[in-house]
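Participant: Input file: coords-v5.cif. Contents: mmCIF, C-alpha atoms.
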```cif
data_query
#
loop_
_atom_site.label_atom_id
_atom_site.label_comp_id
_atom_site.auth_asym_id
_atom_site.auth_seq_id
_atom_site.Cartn_x
_atom_site.Cartn_y
_atom_site.Cartn_z
CA MET P 1 -17.68 -32.17 10.39
CA ASN P 2 -20.43 -30.20 12.07
CA MET P 3 -18.53 -30.14 15.33
CA ILE P 4 -15.48 -28.62 13.67
CA ASP P 5 -17.57 -26.06 11.77
CA ASN P 6 -19.15 -24.95 15.00
CA ALA P 7 -15.83 -24.86 16.79
CA PHE P 8 -14.46 -22.25 14.43
CA SER P 9 -17.79 -20.40 14.22
CA VAL P 10 -17.35 -16.76 13.35
CA HIS P 11 -13.59 -16.69 13.78
CA GLU P 12 -12.81 -18.37 10.49
CA LYS P 13 -14.79 -15.68 8.64
CA ALA P 14 -13.28 -12.98 10.83
CA LEU P 15 -9.76 -14.07 9.89
CA GLY P 16 -10.63 -13.66 6.21
CA VAL P 17 -12.15 -10.23 6.71
CA ARG P 18 -9.22 -9.14 8.85
CA SER P 19 -6.68 -10.20 6.25
CA GLN P 20 -8.62 -8.33 3.56
CA ARG P 21 -8.61 -5.30 5.79
CA MET P 22 -4.82 -5.58 6.11
CA GLU P 23 -4.62 -5.62 2.31
CA LEU P 24 -6.61 -2.41 2.02
CA LEU P 25 -4.37 -0.69 4.56
CA SER P 26 -1.26 -1.83 2.69
CA ARG P 27 -2.76 -0.24 -0.42
CA ASN P 28 -3.16 3.00 1.48
CA ILE P 29 0.43 2.91 2.71
CA ALA P 30 1.73 2.05 -0.77
CA ASN P 31 -0.18 4.98 -2.25
CA ALA P 32 0.83 7.50 0.41
CA ASP P 33 2.49 9.68 -2.27
CA THR P 34 0.06 9.13 -5.15
CA PRO P 35 -1.78 12.29 -6.22
CA ASN P 36 -5.59 12.14 -5.86
CA TYR P 37 -5.55 8.73 -4.16
CA LYS P 38 -8.33 8.39 -1.59
CA ALA P 39 -7.65 6.24 1.47
CA VAL P 40 -10.07 3.35 2.03
CA ASP P 41 -10.95 1.08 4.91
CA VAL P 42 -13.58 -1.57 5.58
CA ASP P 43 -16.44 -1.39 8.02
CA PHE P 44 -15.51 -4.58 9.86
CA LYS P 45 -18.83 -4.95 11.65
CA GLU P 46 -20.83 -4.56 8.46
CA VAL P 47 -18.72 -6.94 6.40
CA LEU P 48 -18.70 -9.63 9.06
CA LYS P 49 -22.47 -9.27 9.37
CA ASN P 50 -22.81 -9.66 5.59
CA THR P 51 -20.80 -12.88 5.62
CA GLN P 52 -23.19 -14.38 8.15
CA ASP P 53 -26.67 -13.00 7.54
CA SER P 54 -26.93 -12.71 3.82
CA ALA P 55 -25.35 -16.06 2.99
CA LEU P 56 -27.84 -17.62 0.60
CA GLN P 57 -29.26 -20.91 1.70
CA THR P 58 -28.77 -23.55 -0.97
CA THR P 59 -31.29 -26.32 -0.64
CA HIS P 60 -30.95 -27.61 -4.18
CA SER P 61 -27.90 -28.43 -6.27
CA ASN P 62 -28.99 -25.96 -8.97
CA HIS P 63 -29.18 -23.04 -6.59
CA LEU P 64 -26.71 -20.26 -7.11
CA THR P 65 -24.27 -19.65 -4.32
CA GLN P 66 -23.20 -16.25 -3.19
CA GLY P 67 -19.87 -14.95 -4.44
CA ALA P 68 -16.92 -15.24 -2.12
CA ASP P 69 -16.15 -11.54 -2.32
CA SER P 70 -18.21 -10.19 0.50
CA THR P 71 -16.07 -7.20 1.41
CA ALA P 72 -16.97 -5.14 -1.66
CA SER P 73 -20.01 -3.69 0.05
CA GLY P 74 -18.18 -2.69 3.20
CA VAL P 75 -15.30 -0.74 1.63
CA LYS P 76 -15.59 2.91 2.45
CA PHE P 77 -13.49 6.02 1.97
CA ARG P 78 -11.76 7.33 5.02
CA VAL P 79 -12.67 10.79 6.27
CA PRO P 80 -9.33 12.60 6.51
CA PHE P 81 -8.33 15.14 9.13
CA ASN P 82 -6.55 17.25 6.52
CA VAL P 83 -6.55 16.79 2.77
CA ALA P 84 -3.14 17.09 1.18
CA PHE P 85 -2.44 19.67 -1.49
CA ASP P 86 -2.39 17.02 -4.22
CA GLY P 87 -5.78 15.57 -3.27
CA ASN P 88 -4.31 12.56 -1.46
CA THR P 89 -6.19 11.60 1.71
CA VAL P 90 -3.69 9.09 3.13
CA GLU P 91 -2.43 10.19 6.54
CA LEU P 92 0.54 7.97 7.29
CA PRO P 93 0.46 8.17 11.11
CA VAL P 94 -3.22 7.19 11.06
CA GLU P 95 -2.55 4.35 8.64
CA GLN P 96 0.40 3.09 10.67
CA ALA P 97 -1.59 3.12 13.90
CA LYS P 98 -4.47 1.28 12.21
CA PHE P 99 -2.09 -1.19 10.61
CA GLY P 100 -0.63 -2.01 14.02
CA GLN P 101 -4.09 -2.35 15.52
CA TYR P 102 -5.33 -4.64 12.74
CA ALA P 103 -2.21 -6.78 12.90
CA ALA P 104 -2.81 -7.25 16.63
CA GLU P 105 -6.47 -8.08 16.03
CA TYR P 106 -5.51 -10.57 13.35
CA GLN P 107 -3.22 -12.28 15.87
CA THR P 108 -6.01 -12.30 18.44
CA THR P 109 -8.25 -14.18 16.02
CA LEU P 110 -5.36 -16.52 15.25
CA SER P 111 -4.86 -17.23 18.96
CA ILE P 112 -8.53 -18.06 19.39
CA LEU P 113 -8.40 -20.45 16.42
CA GLU P 114 -5.22 -22.00 17.80
CA SER P 115 -6.85 -22.69 21.13
CA ARG P 116 -9.91 -24.19 19.42
CA ILE P 117 -7.73 -26.48 17.33
CA SER P 118 -5.69 -27.61 20.30
CA GLY P 119 -8.96 -28.28 22.13
CA ILE P 120 -10.24 -30.48 19.34
CA ARG P 121 -6.90 -32.28 19.18
CA LYS P 122 -7.01 -32.95 22.88
CA ALA P 123 -10.52 -34.37 22.57
CA LEU P 124 -9.51 -36.59 19.64
CA ARG P 125 -6.40 -37.88 21.35
CA GLY P 126 -8.29 -38.58 24.53
CA ASP P 127 -5.36 -38.54 26.89
CA MET Q 1 -5.52 -15.01 -0.12
CA ALA Q 2 -5.38 -11.43 0.93
CA LEU Q 3 -2.15 -11.67 2.92
CA ASP Q 4 -0.34 -12.73 -0.26
CA ASN Q 5 -1.29 -9.48 -1.95
CA LEU Q 6 0.34 -7.48 0.82
CA PHE Q 7 3.73 -8.54 -0.51
CA ASN Q 8 2.88 -7.53 -4.07
CA ILE Q 9 1.37 -4.20 -3.08
CA ALA Q 10 4.22 -3.25 -0.75
CA GLY Q 11 6.67 -4.53 -3.37
CA SER Q 12 5.22 -2.26 -6.03
CA ALA Q 13 5.54 0.66 -3.62
CA LEU Q 14 9.19 -0.22 -2.87
CA ASN Q 15 9.82 -0.21 -6.59
CA ALA Q 16 8.13 3.16 -7.10
CA GLN Q 17 9.98 4.75 -4.18
CA THR Q 18 13.28 3.44 -5.56
CA ALA Q 19 12.51 5.12 -8.89
CA ARG Q 20 11.79 8.32 -7.01
CA MET Q 21 15.10 8.09 -5.14
CA ASN Q 22 16.91 7.42 -8.42
CA ALA Q 23 15.41 10.57 -9.93
CA THR Q 24 16.47 12.57 -6.88
CA ALA Q 25 20.01 11.20 -7.03
CA SER Q 26 20.18 12.09 -10.71
CA ASN Q 27 18.94 15.61 -9.95
CA LEU Q 28 21.56 16.10 -7.25
CA ALA Q 29 24.31 14.76 -9.50
CA ASN Q 30 23.33 17.18 -12.26
CA ALA Q 31 22.80 20.18 -9.97
CA GLY Q 32 26.02 21.81 -11.12
CA ALA Q 33 25.66 21.03 -14.82
CA VAL Q 34 25.66 23.98 -17.22
CA ALA Q 35 24.43 24.09 -20.81
CA ALA Q 36 24.82 26.31 -23.86
CA SER Q 37 21.12 27.09 -24.30
CA ASP Q 38 17.93 27.38 -22.28
CA LYS Q 39 16.54 24.34 -24.10
CA ASP Q 40 19.50 22.10 -23.23
CA ALA Q 41 19.76 23.13 -19.57
CA PHE Q 42 19.16 20.35 -17.05
CA ARG Q 43 15.70 20.38 -15.49
CA ALA Q 44 14.97 18.56 -12.23
CA LYS Q 45 13.09 15.29 -12.83
CA ARG Q 46 10.01 14.37 -10.82
CA THR Q 47 8.36 10.96 -10.78
CA VAL Q 48 4.56 10.87 -11.00
CA PHE Q 49 2.85 8.05 -9.12
CA LYS Q 50 -0.35 6.31 -10.09
CA THR Q 51 -2.44 3.62 -8.42
CA ILE Q 52 -2.48 0.27 -10.23
CA MET Q 53 -6.13 -0.27 -11.06
CA GLU Q 54 -7.93 -3.41 -12.01
CA GLU Q 55 -8.18 -3.36 -15.77
CA LEU Q 56 -11.57 -3.84 -17.35
CA GLY Q 57 -12.10 -7.35 -18.60
CA SER Q 58 -8.83 -8.74 -17.31
CA THR Q 59 -8.43 -10.96 -14.29
CA THR Q 60 -7.43 -9.29 -11.06
CA SER Q 61 -3.71 -8.71 -11.08
CA ALA Q 62 -1.74 -9.61 -7.96
CA ASN Q 63 -0.65 -6.06 -7.33
CA THR Q 64 -4.00 -4.36 -7.85
CA GLY Q 65 -4.09 -1.41 -5.49
CA GLY Q 66 -0.33 -1.03 -5.57
CA VAL Q 67 1.49 1.92 -7.06
CA LYS Q 68 3.48 2.46 -10.23
CA VAL Q 69 5.46 5.28 -11.79
CA SER Q 70 3.21 6.60 -14.53
CA GLY Q 71 5.69 9.11 -15.88
CA ILE Q 72 8.55 11.48 -15.24
CA SER Q 73 7.96 15.20 -15.54
CA ASP Q 74 10.37 18.12 -15.68
CA ASP Q 75 10.36 20.74 -12.97
CA PRO Q 76 8.76 23.85 -14.59
CA LYS Q 77 10.91 26.29 -12.62
CA PRO Q 78 12.63 28.83 -14.94
CA ILE Q 79 16.28 28.31 -15.91
CA ALA Q 80 18.73 30.94 -14.69
CA ARG Q 81 21.63 32.07 -16.87
CA MET Q 82 25.00 33.28 -15.75
CA SER Q 83 27.67 35.30 -17.53
CA ASP Q 84 30.77 33.12 -17.83
CA PRO Q 85 32.59 33.91 -21.09
CA GLY Q 86 35.51 31.65 -20.19
CA ASN Q 87 33.33 28.55 -20.01
CA PRO Q 88 33.74 26.25 -23.04
CA SER Q 89 29.95 25.73 -23.23
CA ALA Q 90 29.09 29.47 -23.11
CA ASP Q 91 26.92 30.81 -25.95
CA LYS Q 92 27.98 33.64 -28.29
CA ASP Q 93 27.04 36.31 -25.71
CA GLY Q 94 29.10 34.58 -23.01
CA TYR Q 95 26.21 33.11 -21.02
CA VAL Q 96 25.85 29.60 -19.61
CA TYR Q 97 22.49 28.17 -18.56
CA LEU Q 98 22.32 26.61 -15.09
CA SER Q 99 20.15 23.69 -14.00
CA ASN Q 100 16.97 24.47 -12.05
CA VAL Q 101 17.75 21.90 -9.33
CA ASN Q 102 17.26 23.10 -5.78
CA GLU Q 103 19.48 20.99 -3.51
CA MET Q 104 17.29 21.57 -0.43
CA THR Q 105 14.17 20.37 -2.23
CA GLU Q 106 16.04 17.31 -3.45
CA MET Q 107 17.30 16.44 0.04
CA VAL Q 108 13.76 16.71 1.44
CA GLU Q 109 12.46 14.61 -1.47
CA MET Q 110 15.12 11.99 -0.76
CA MET Q 111 14.16 11.81 2.92
CA ALA Q 112 10.46 11.58 2.09
CA ALA Q 113 11.14 8.73 -0.34
CA ALA Q 114 13.31 6.94 2.22
CA ARG Q 115 10.59 7.21 4.87
CA SER Q 116 7.94 5.87 2.51
CA TYR Q 117 10.28 3.03 1.59
CA GLN Q 118 10.75 2.14 5.28
CA ASN Q 119 6.99 2.17 5.84
CA ASN Q 120 6.52 -0.38 3.09
CA VAL Q 121 9.35 -2.55 4.41
CA GLU Q 122 7.47 -2.55 7.74
CA VAL Q 123 4.33 -3.72 5.92
CA VAL Q 124 6.27 -6.60 4.37
CA ASN Q 125 7.70 -7.56 7.77
CA THR Q 126 4.31 -7.55 9.45
CA ALA Q 127 2.73 -9.51 6.61
CA ARG Q 128 5.51 -12.09 6.84
CA GLN Q 129 5.06 -12.49 10.61
CA LEU Q 130 1.30 -12.86 10.30
CA MET Q 131 1.70 -15.42 7.55
CA MET Q 132 4.17 -17.45 9.58
CA ARG Q 133 1.81 -17.38 12.55
CA THR Q 134 -1.06 -18.46 10.31
CA LEU Q 135 1.01 -21.41 9.16
CA ASP Q 136 1.85 -22.28 12.76
CA ILE Q 137 -1.84 -22.65 13.53
CA ILE Q 138 -1.73 -26.29 12.46
CA LYS Q 139 1.07 -27.02 14.91
CA SER Q 140 -0.84 -25.89 17.99
#
```
Reformat the file's structure so that it appears as structure tokens.
Facilitator:
Amino acid sequence: MNMIDNAFSVHEKALGVRSQRMELLSRNIANADTPNYKAVDVDFKEVLKNTQDSALQTTHSNHLTQGADSTASGVKFRVPFNVAFDGNTVELPVEQAKFGQYAAEYQTTLSILESRISGIRKALRGD
Amino acid sequence: MALDNLFNIAGSALNAQTARMNATASNLANAGAVAASDKDAFRAKRTVFKTIMEELGSTTSANTGGVKVSGISDDPKPIARMSDPGNPSADKDGYVYLSNVNEMTEMVEMMAAARSYQNNVEVVNTARQLMMRTLDIIKS
């Protein structure tokens, strides 16, 4: 299994973080008209770093494992260009642009995983 | 999985925007209504949106972070009255009370709601495509 773990390396984690980031953006878009809603986003670099560095090493069966929710620390409020009259900080054009960017990045990670999987398959098949 | 929630969140927004469009349609339909007193006159309805928050002590709901209609408020604009003694609903001084609906405002509101609706439909589409691609990963 070690070979497969290494093959996916950081990309498996990245896919999770990227999909959570998409969720946050969809919240922003859904709340574009909600008074006093503050737009949020995740610091991708920070969250991905957290998933790798601070993962607790468990050397004994009684050791506690770290919770799966690693994004909580990296969620930050967006700094808006203009605040709306009702206190809402969602700027739809910004959110749409980001949403497009994140969707593309998600697909990039998917493509990398796809190529890794097809590589492993090729090696297993041996033809 | 986070991509699942996209559908719920965008779905809740579609629902809220539909309620907003319904209110606007109702306002437009009642724009010409007259009443016998200031109290009975039709007032434009506005939906108030609220973010769906995680409730304390309960498990995370699927549409946490989505939006819901928390209430409907009346437009506080004053009601105008018009002298129309021939109108069956006129009061004893011959006045009828008009609605405070402004058609222009309602049209703009309708367009804003429609745009927000389209945005959320786009979110659903993108989420669906990404999910399908994620499923296809095992085929590669």
Participant: Select, from Q:Pro88, Q:Gly32, Q:Gly66, Q:Gly94, the residue with the minimum atom-to-atom distance to chain P, counting all atoms listed in the file.
Facilitator: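 Distance minimum relative to chain P lands on Q:Gly66.
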Participant: Do you have the CA of Thr51 (chain Q)-CA of Leu130 (chain Q) distance handy?
Facilitator: 25.2 Å
Participant: Would you place a box with edges along x, y and z of the file around all atoms of region 121-129 of chain Q listed there, add 8 Å to each of its six sides, and report the centre and edge lengths in Å to one decimal, as AutoDock Vina command-line options?
Facilitator:
```
--center_x 6.0 --center_y -7.5 --center_z 7.5 --size_x 22.6 --size_y 25.9 --size_z 22.2
```
Participant: Can you work out the spacing between CA of Ser19 (chain P) and CA of Ile137 (chain Q) in Å, to one decimal?
Facilitator: 15.2 Å
Participant: Which residues are near Asn30 (chain Q)? Cut-off 10 Å, all atoms listed in the file, ignore same chain within fewer than 4 positions. Put them as a list in words.
Facilitator: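 Skipping anything fewer than 4 positions along the chain leaves Thr24, Ala25, Ser26, Val34, Phe42, Arg43, Ala44, Leu98, Ser99, Asn100 and Val101 of chain Q.
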Participant: Using C-alpha atoms, can you export the residues from the last selection as a compact mmCIF listing (two decimals), keeping the file's coordinate frame?
Facilitator:
```
# COMPACT_ATOMS: atom_id res chain seq x y z
CA THR Q 24 16.47 12.57 -6.88
CA ALA Q 25 20.01 11.20 -7.03
CA SER Q 26 20.18 12.09 -10.71
CA VAL Q 34 25.66 23.98 -17.22
CA PHE Q 42 19.16 20.35 -17.05
CA ARG Q 43 15.70 20.38 -15.49
CA ALA Q 44 14.97 18.56 -12.23
CA LEU Q 98 22.32 26.61 -15.09
CA SER Q 99 20.15 23.69 -14.00
CA ASN Q 100 16.97 24.47 -12.05
CA VAL Q 101 17.75 21.90 -9.33
```
Participant: To verify the selection step, state as a PyMOL selection string which residues the PyMOL selection byres ((chain P) within 7 of (chain Q)) yields on this input.
Facilitator: chain P and resi 19-20+23+26-27+29-31+34-35+110+114+117-118
Participant: Find the spatial neighbours of Glu105 (chain P), counting all atoms listed in the file, within a cut-off of 12 Å - ignore same-chain residues fewer than 3 positions away - and output them as a list in words.
Facilitator: His11, Ala14, Leu15, Val17, Arg18, Ser19, Arg21, Met22, Phe44, Lys98, Phe99, Gly100, Gln101, Tyr102, Thr108, Thr109, Leu110, Ser111 and Ile112 of chain P; Leu130 of chain Q
Participant: As a check of understanding, name the residues that the PyMOL selection byres ((chain P and resi 89) around 9) selects in the supplied structure, as a count of residues only.
Facilitator: 17
Participant: Please indicate the distance in Å from CA of Thr59 (chain P) to CA of Val10 (chain P), rounded to one decimal place.
Facilitator: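 A separation of 21.9 Å between them.
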Participant: Care to translate the PyMOL selection byres ((chain Q and resi 84) around 9) into actual residues of this file, as a list in words?
Facilitator: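 Checking the PyMOL selection byres ((chain Q and resi 84) around 9) against this file, the residues are Met82, Ser83, Pro85, Gly86, Asn87, Ala90, Gly94, Tyr95 and Val96 of chain Q.
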Participant: Looking at P:Leu92, P:Asn6, P:Glu46, P:Ala123, which one is nearest to Asp33 (chain P), with distances taken over all atoms listed in the file?
Facilitator: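 When distances to Asp33 (chain P) are compared using all atoms listed in the file, the smallest one comes from P:Leu92.
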Participant: Only all heavy atoms, as a tab-separated table (two decimals), in the first residue's frame: that is what I want for region 67-78 of chain Q.
Facilitator:
```tsv
chain	number	residue	atom	x	y	z
Q	67	VAL	N	-28.81	29.64	2.59
Q	67	VAL	CA	-29.57	30.83	2.93
Q	67	VAL	C	-31.05	30.46	3.06
Q	67	VAL	O	-31.52	29.53	2.40
Q	67	VAL	CB	-29.34	31.95	1.89
Q	67	VAL	CG1	-29.85	31.57	0.53
Q	67	VAL	CG2	-29.93	33.26	2.34
Q	68	LYS	N	-31.74	31.14	3.96
Q	68	LYS	CA	-33.18	30.90	4.09
Q	68	LYS	C	-33.90	32.24	4.22
Q	68	LYS	O	-33.27	33.27	4.53
Q	68	LYS	CB	-33.46	30.02	5.30
Q	68	LYS	CG	-33.13	30.70	6.62
Q	68	LYS	CD	-33.48	29.81	7.80
Q	68	LYS	CE	-33.08	30.50	9.09
Q	68	LYS	NZ	-33.19	29.67	10.26
Q	69	VAL	N	-35.20	32.21	3.99
Q	69	VAL	CA	-35.99	33.42	4.17
Q	69	VAL	C	-36.39	33.48	5.63
Q	69	VAL	O	-37.11	32.62	6.11
Q	69	VAL	CB	-37.24	33.39	3.26
Q	69	VAL	CG1	-38.08	34.63	3.48
Q	69	VAL	CG2	-36.84	33.31	1.80
Q	70	SER	N	-35.90	34.48	6.35
Q	70	SER	CA	-36.18	34.52	7.79
Q	70	SER	C	-37.47	35.27	8.07
Q	70	SER	O	-38.01	35.16	9.17
Q	70	SER	CB	-35.02	35.17	8.53
Q	70	SER	OG	-34.94	36.53	8.21
Q	71	GLY	N	-37.95	36.02	7.12
Q	71	GLY	CA	-39.21	36.73	7.36
Q	71	GLY	C	-39.58	37.59	6.17
Q	71	GLY	O	-38.80	37.73	5.23
Q	72	ILE	N	-40.78	38.11	6.22
Q	72	ILE	CA	-41.25	39.01	5.16
Q	72	ILE	C	-41.65	40.31	5.84
Q	72	ILE	O	-42.40	40.31	6.81
Q	72	ILE	CB	-42.42	38.39	4.39
Q	72	ILE	CG1	-41.91	37.19	3.60
Q	72	ILE	CG2	-43.06	39.41	3.46
Q	72	ILE	CD1	-42.94	36.44	2.84
Q	73	SER	N	-41.09	41.42	5.36
Q	73	SER	CA	-41.41	42.70	5.99
Q	73	SER	C	-42.16	43.58	5.01
Q	73	SER	O	-42.05	43.41	3.80
Q	73	SER	CB	-40.14	43.38	6.47
Q	73	SER	OG	-39.33	43.69	5.36
Q	74	ASP	N	-42.93	44.52	5.56
Q	74	ASP	CA	-43.67	45.46	4.72
Q	74	ASP	C	-42.78	46.66	4.42
Q	74	ASP	O	-42.00	47.10	5.26
Q	74	ASP	CB	-44.93	45.94	5.46
Q	74	ASP	CG	-46.01	44.89	5.45
Q	74	ASP	OD1	-45.90	43.95	4.63
Q	74	ASP	OD2	-46.95	45.00	6.26
Q	75	ASP	N	-42.93	47.17	3.20
Q	75	ASP	CA	-42.22	48.38	2.82
Q	75	ASP	C	-42.76	49.54	3.67
Q	75	ASP	O	-43.97	49.76	3.73
Q	75	ASP	CB	-42.46	48.65	1.33
Q	75	ASP	CG	-41.47	49.65	0.75
Q	75	ASP	OD1	-41.16	50.61	1.47
Q	75	ASP	OD2	-41.02	49.45	-0.38
Q	76	PRO	N	-41.88	50.30	4.37
Q	76	PRO	CA	-42.38	51.35	5.27
Q	76	PRO	C	-42.80	52.64	4.56
Q	76	PRO	O	-43.19	53.59	5.23
Q	76	PRO	CB	-41.18	51.60	6.19
Q	76	PRO	CG	-40.01	51.24	5.38
Q	76	PRO	CD	-40.43	50.17	4.42
Q	77	LYS	N	-42.69	52.67	3.24
Q	77	LYS	CA	-43.04	53.91	2.53
Q	77	LYS	C	-44.48	54.32	2.83
Q	77	LYS	O	-45.37	53.47	2.94
Q	77	LYS	CB	-42.89	53.70	1.01
Q	77	LYS	CG	-41.67	54.42	0.46
Q	77	LYS	CD	-41.69	54.57	-1.03
Q	77	LYS	CE	-42.40	53.48	-1.76
Q	77	LYS	NZ	-42.07	53.25	-3.09
Q	78	PRO	N	-44.76	55.65	2.99
Q	78	PRO	CA	-46.12	56.07	3.33
Q	78	PRO	C	-47.12	55.77	2.22
Q	78	PRO	O	-46.76	55.71	1.04
Q	78	PRO	CB	-45.99	57.57	3.56
Q	78	PRO	CG	-44.74	57.96	2.86
Q	78	PRO	CD	-43.84	56.79	2.89
```
